[in-house]
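Below: the structure, in structure tokens.
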Amino acid sequence: MTRRISYMLVVILLISSALATAVEFLHPKLKGKEISIRNVVVLPPIVKMTKQGVKGAEGMAKEEEEAAGTIASGVTAGLTGSGLSVESPFTEEALRDNNELKYAVADVQRKFDEIAPQLYKKPKDIRKGRFSLGDMVAVLNSKGTADALVIIRSDGQKQTKGKAFMTGGLVGMATSGKATFISRVALVDAKNGDILYLANYITSGIPNNKAFDKSFRSLSAPK
Amino acid sequence: MRLIAVRPILLVLLTTLSVTMLPGVEKGSSFEFTKVDLSLLEQADALDSRLEREGMVFHDEAMETYVNQAGRAMLPSGTAPERVMWRFRVIRDPMANAFALPNGSIYVTTGLVSLLENEDQLAGVLAHEMTHVTDRHSYLAFRDYRKKSTIASIAAYASSMAPVNTSWGAAIYMAGHMVPVVMMASINGYSRELERDADMYAFNKLAEGNYDPKELVNTFRLLERMDEVNVDKIYYNDHPKLDDRIGYMTGLISSKPPVSVSPEVLGSRRMKYLSLTEQVVREDIHLSILSHRPRTALARAKKLIEFDPNSAENLRVQADAYRSLGPWTPRPTDQELSKDGKQKEQSLRRKLTSDEEERQLLANGEGQAAWQENQRLAEETYQKALAIDPANAKTYLGLGQLYEKTNRNKEALEAYEKYLELAPNALDRQRVQGRIDILRRSTGL
């Protein structure tokens with residue numbers, strides 16, 4: 001029953017705003033301006049989408065690929081809008097014939113996923129400088145010019161009308177067209193792997209430029 | 001907390017479901033694809049692309065050829081079933097596992113390849129997985145789950161089963177998200193009958209191909225090994241029917257003894273397997289260290305050394321494994337393996353990152369003693385590697401990390417500089433240069 005009420009509240013919130021609700025957490029060094037971020041490198045987003053129906057869950061592979069592109073460009077636009085210089089060198093083409101680099105990217109993504117449960121559970125601990133991926137991340141900063149790596153995770157769930165009716169009644173059914181996404185954007189120190197910044201977003205529909213438009217302002221480095 | 005409560009209920013429900021699932025497709029009968037089957041096939045194709053794109057598939061020409069040859073030797077006669085294209089791949093995941101997608105892609109993890117001991121075992125695993133494809137088990141299971149999923153959500157099960165504070169099992173977790181039925185089968189197996197069918201096919205095919213079917217039993221036994229304190233009792237090595245399978249396979253062998261394979265032939269196939277899989281095992285050790293499974297890394301490294309004790313690369317990865325052990329003992333202690341010990345470990349993993357857990361252990365005397373011994377063994381092994389190959393760049397990198405951690409900054413600096421001298425174009429050049437800069441500042445050198 002409590003779950004149902006929570007679900008209804010989220011649905012109502014999403015209908016009323018239809019916009020991302022971002023919550024940001026900053027590392028003390030970033031907050032205290034001990035370090036600044038000017039150049040960032042974006043890693044390929046990892047997006048998972050599931051269609052929840054009365055007859056169970058199904059993957060949404062095609063939609064995931066499209067969503068990954070939209071999310072990556074949205075985050076890039078948001079970061080650029082905050083005055084950061086953004087590079088995305090790890091394209092599919094760049095990695096296709098370079099297994100060493102492809103594995104290095106995969107290993108950093110894997111390391112992030114390893115600490116993700118604690119990070120998501122207590123994101124406030126970023127303010128205590130608790131989380132780090134270690135300096136293995138510097139492998140992806142081969143030119144040495146990046147201040148931070150941008151790691152993106154997004155989980156979308158779309159309910160079929162039948163399932164939405166079962167869980168949210170008529171209100172749920174009315175909102176079943178769009179997937180609900182929980183997305184996270186983390187900035188990791190490109191030299192020592194410290195998690196410098198994390199923003200959480202809940203969006204109705206794939207988070208696009210609009211969702212990230214007002215984000216990352218707290219990262220703006222002094223000119 | 002909720003997930004912990006839900007997990008056993010789901011497990012019971014889904015185990016019940018797996019036991020009562022539909023029988024397989026009759027051999028030789030045609031299979032009519034429904035819209036639902038085609039959608040599953042589409043997800044399987046997409047999963048293949050994604051595993052490749054995200055750097056999960058391991059590429060090593062010799063190994064790829066070898067796995068393909070072993071797989072093709074196990075194929076049923078005749079053409080491939082409709083909408084099946086056979087592909088055999090190794091996936092970068094330290095969890096010992098194998099899974100088949102309905103489109104004919106069969107994956108064995110680096111964790112399984114490095115656990116197995118010979119070609120006969122690998123062929124057996126591939127033959128077993130092949131049956132799930134030829135007999136359309138995933139399609140049938142998926143159809144069945146769709147009927148029953150109002151009782152329990154597979155997705156909820158999948159997320160509740162995600163390993164905590166470790167990235168081992170990432171591949172199967174990804175598969176589980178895209179093709180949930182694959183994860184279900186990988187954890188619980190299909191129904192008892194379907195698993196037995198697959199084992200029977202593997203048994204017969206091994207015998208036909210002059211492999212030793214007894215190695216199937218040895219494979220099951222290897223999967224029972226406990227190199228780590230496994231608090232996530234969910235995967236292949238905790239397969240609920242593993243003991244059953246050992247039982248009926250042993251019974252089958254004694255009632256229908258296969259033509260025996262000479263020890264010379266077995267030995268030569270073993271040597272070939274160990275030689276061709278050396279690179280995979282090294283990769284698996286790297287992944288085990290990354291996934292915070294240092295004991296598994298050390299166990300695999302010891303196997304490498306037994307096979308080739310004079311390989312500088314093997315000694316180097318063994319030293320890496322010792323170094324990553326930190327304050328842990330090489331094998332789990334009885335206390336750690338006890339019920340209380342496992343509960344304590346589970347609780348720690350939920351609360352702490354692996355670095356924090358290491359720091360906590362280092363704060364006590366036992367942890368300190370283990371750490372010192374492991375670092376000593378690591379240094380000794382790195383030196384052995386250098387005695388064999390003084391130009392092995394990665395050995396200097398490992399030594400540099402070891403010296404830095406033990407506050408021998410001058411030696412660390414020299415080792416890092418030697419590394420960059422030997423590997424000037426290394427991908428991690430910037431990382432190592434960063435360490436050198438820090439050390440120079442701190443030592444004033």
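Identifiers for the structure tokens are assigned positionally: chains receive A, B, ... in sequence, residues are indexed from 1 per chain, and ligands are indexed from 1 in the order shown.
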
Please report, as CSV, each residue of chain A lying at most 7 Å from chain B, together with the nearest pair of atoms and the separation in Å rounded to one decimal; use only C-alpha atoms, and order rows by chain and ascending residue number.
residue,atom,partner,partner_atom,distance
A:Val54,CA,B:Thr150,CA,6.2
A:Lys55,CA,B:Arg146,CA,4.5
A:Gly56,CA,B:Ser149,CA,5.0
A:Ala57,CA,B:Ala155,CA,5.9
A:Glu58,CA,B:Met178,CA,6.8
A:Gly59,CA,B:Met178,CA,4.3
A:Ala61,CA,B:Ala46,CA,6.0
A:Glu92,CA,B:Arg53,CA,6.9
A:Lys102,CA,B:Gly55,CA,5.3
A:Tyr103,CA,B:Gly55,CA,5.2
A:Ala106,CA,B:Gly55,CA,5.5
A:Arg110,CA,B:Ser167,CA,6.0
A:Asp113,CA,B:Ser167,CA,6.4
A:Glu114,CA,B:Thr166,CA,4.7
A:Ile115,CA,B:Asn165,CA,6.0
A:Pro117,CA,B:Asn165,CA,6.6
A:Gln118,CA,B:Lys351,CA,6.9
A:Asp135,CA,B:Arg431,CA,6.7
A:Ala138,CA,B:Arg431,CA,4.8
A:Val139,CA,B:Asp428,CA,4.5
A:Asn141,CA,B:Gln430,CA,7.0
A:Ser142,CA,B:Gln430,CA,5.6
A:Gly144,CA,B:Gln430,CA,6.2
A:Lys191,CA,B:Arg431,CA,7.0

Requested write-out: C-alpha atoms of the selected residues, as a PDB file, in the first residue's frame:
ATOM      1  CA  VAL A  54       1.645  -7.720 -16.866  1.00  0.00           C
ATOM      2  CA  LYS A  55       3.456 -10.597 -18.532  1.00  0.00           C
ATOM      3  CA  GLY A  56       6.822  -9.663 -17.085  1.00  0.00           C
ATOM      4  CA  ALA A  57       9.873  -7.629 -17.936  1.00  0.00           C
ATOM      5  CA  GLU A  58      11.495  -7.287 -21.328  1.00  0.00           C
ATOM      6  CA  GLY A  59      14.635  -5.553 -22.498  1.00  0.00           C
ATOM      7  CA  ALA A  61      17.725  -2.803 -26.694  1.00  0.00           C
ATOM      8  CA  GLU A  92      32.315   3.239 -30.939  1.00  0.00           C
ATOM      9  CA  LYS A 102      38.166  -0.619 -25.013  1.00  0.00           C
ATOM     10  CA  TYR A 103      39.090  -2.812 -22.034  1.00  0.00           C
ATOM     11  CA  ALA A 106      35.268  -1.074 -19.563  1.00  0.00           C
ATOM     12  CA  ARG A 110      33.292  -1.605 -13.921  1.00  0.00           C
ATOM     13  CA  ASP A 113      29.762   0.097 -10.757  1.00  0.00           C
ATOM     14  CA  GLU A 114      31.631  -1.590  -7.930  1.00  0.00           C
ATOM     15  CA  ILE A 115      31.309   1.407  -5.639  1.00  0.00           C
ATOM     16  CA  PRO A 117      25.811   0.685  -4.372  1.00  0.00           C
ATOM     17  CA  GLN A 118      27.488   2.659  -1.567  1.00  0.00           C
ATOM     18  CA  ASP A 135      44.298   6.459 -10.079  1.00  0.00           C
ATOM     19  CA  ALA A 138      44.275   8.241 -15.379  1.00  0.00           C
ATOM     20  CA  VAL A 139      44.595   5.617 -18.123  1.00  0.00           C
ATOM     21  CA  ASN A 141      43.438  10.763 -19.537  1.00  0.00           C
ATOM     22  CA  SER A 142      46.281   9.898 -21.867  1.00  0.00           C
ATOM     23  CA  GLY A 144      46.847  14.608 -19.362  1.00  0.00           C
ATOM     24  CA  LYS A 191      44.163  11.938 -12.005  1.00  0.00           C
TER      25      LYS A 191
END

Near-Asn118 in chain B list (12 Å; only C-alpha atoms; drop same-chain fewer than 2 positions) as number ranges by chain:
B: 67, 70, 112-116, 120-125, 211-212, 214-216, 218-219, 222, 265-277

If you keep C-alpha atoms, can you produce a file of those selected residues as a compact mmCIF listing (two decimals), in the first residue's frame?
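Saved result, part_16.txt, follows:
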# COMPACT_ATOMS: atom_id res chain seq x y z
CA VAL B 67 37.16 -22.18 -28.35
CA ALA B 70 36.16 -27.08 -29.33
CA LEU B 112 35.31 -20.42 -16.03
CA VAL B 113 38.10 -20.84 -18.58
CA SER B 114 40.66 -20.17 -15.86
CA LEU B 115 38.96 -22.57 -13.45
CA LEU B 116 38.74 -25.49 -15.90
CA ASP B 120 37.50 -32.09 -22.32
CA GLN B 121 35.91 -29.95 -19.60
CA LEU B 122 35.58 -26.95 -21.90
CA ALA B 123 34.03 -29.10 -24.64
CA GLY B 124 31.59 -30.52 -22.09
CA VAL B 125 30.46 -27.06 -20.99
CA TYR B 211 36.79 -36.84 -25.10
CA ASP B 212 36.48 -38.16 -21.57
CA LYS B 214 34.20 -38.23 -16.69
CA GLU B 215 35.54 -34.72 -16.99
CA LEU B 216 31.94 -33.45 -16.75
CA ASN B 218 35.25 -33.00 -12.53
CA THR B 219 33.84 -29.75 -13.95
CA LEU B 222 35.60 -27.56 -9.71
CA VAL B 265 46.05 -38.21 -24.74
CA LEU B 266 44.37 -36.58 -21.75
CA GLY B 267 47.69 -35.18 -20.58
CA SER B 268 48.53 -33.76 -23.98
CA ARG B 269 45.08 -32.13 -24.28
CA ARG B 270 45.54 -30.72 -20.78
CA MET B 271 48.89 -29.18 -21.72
CA LYS B 272 47.39 -27.72 -24.90
CA TYR B 273 44.51 -26.24 -22.93
CA LEU B 274 46.75 -24.70 -20.28
CA SER B 275 49.08 -23.30 -22.90
CA LEU B 276 46.36 -21.75 -25.04
CA THR B 277 44.46 -20.35 -22.08

Range 63-160 of chain A: which residues are strand (DSSP E or B) by DSSP, as a list of chain:residue names?
A:Ser85, A:Val86, A:Glu87, A:Ser132, A:Ala148, A:Leu149, A:Val150, A:Ile151, A:Ile152, A:Arg153, A:Ser154, A:Asp155, A:Gly156, A:Gln157, A:Lys158, A:Gln159

Hey, what's within 12 Å of Phe33 in chain B if we count only C-alpha atoms and toss same-chain stuff fewer than 2 positions away? As a compact mmCIF listing (two decimals) with C-alpha atoms, in the first residue's frame, please?
# COMPACT_ATOMS: atom_id res chain seq x y z
CA SER B 30 10.12 -27.94 -36.10
CA PHE B 31 9.75 -24.93 -33.88
CA LYS B 35 6.10 -12.74 -32.01
CA VAL B 36 7.32 -13.17 -28.44
CA ASP B 37 10.11 -15.52 -29.56
CA LEU B 38 11.22 -13.08 -32.23
CA SER B 39 11.37 -10.28 -29.72
CA LEU B 40 13.58 -12.45 -27.48
CA LEU B 41 15.79 -13.20 -30.48
CA GLU B 82 16.46 -22.06 -37.89
CA ARG B 83 17.64 -18.61 -36.74
CA PRO B 102 18.83 -18.42 -28.29
CA ARG B 136 14.99 -23.92 -27.77
CA TYR B 139 12.17 -19.57 -25.90
CA LEU B 140 10.15 -22.13 -23.99
CA ARG B 143 6.96 -18.18 -22.92

In range 65-198 of chain A, what's helix (DSSP H, G or I) per DSSP? Answer as a PyMOL selection string?
chain A and resi 65-81+92-96+99-121+123-128+135-140+161-174

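Take CA of Pro327 in chain B and CA of Glu373 in chain B: the distance between them is 8.9 Å.
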
Let me make sure I understand: among B:Asp243, B:Glu193, B:Asp199, B:Glu228, which one has the smallest atom-to-atom distance to Arg331 in chain B if we use only C-alpha atoms?
B:Glu228

I'd like the neighbourhood of Leu325 in chain B as a compact mmCIF listing (two decimals) with C-alpha atoms, in the first residue's frame, where a residue qualifies if any of its atoms comes within 8 Å (using only C-alpha atoms), though same-chain residues fewer than 6 positions away should be ignored.
# COMPACT_ATOMS: atom_id res chain seq x y z
CA PRO B 294 42.18 -11.30 -4.64
CA ARG B 295 42.02 -14.84 -3.33
CA TRP B 371 49.60 -7.57 4.79
CA ASN B 374 51.71 -10.73 1.32

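If only C-alpha atoms are the atoms counted, then among A:Ile182, A:Ile37, A:Leu196, A:Val42 the closest residue to Ala77 in chain A is A:Val42.
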
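Separating CA of Leu187 in chain A from CA of Ser218 in chain A is a distance of 12.2 Å.
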
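We find CA of Gly367 in chain B and CA of Met136 in chain A to be spaced 24.8 Å apart.
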
Tell me, as a PyMOL selection string, which residues lie within 9 Å of Leu75 in chain B, counting only C-alpha atoms; anything in the same chain fewer than 6 positions away does not count.
chain B and resi 86+127+130+205
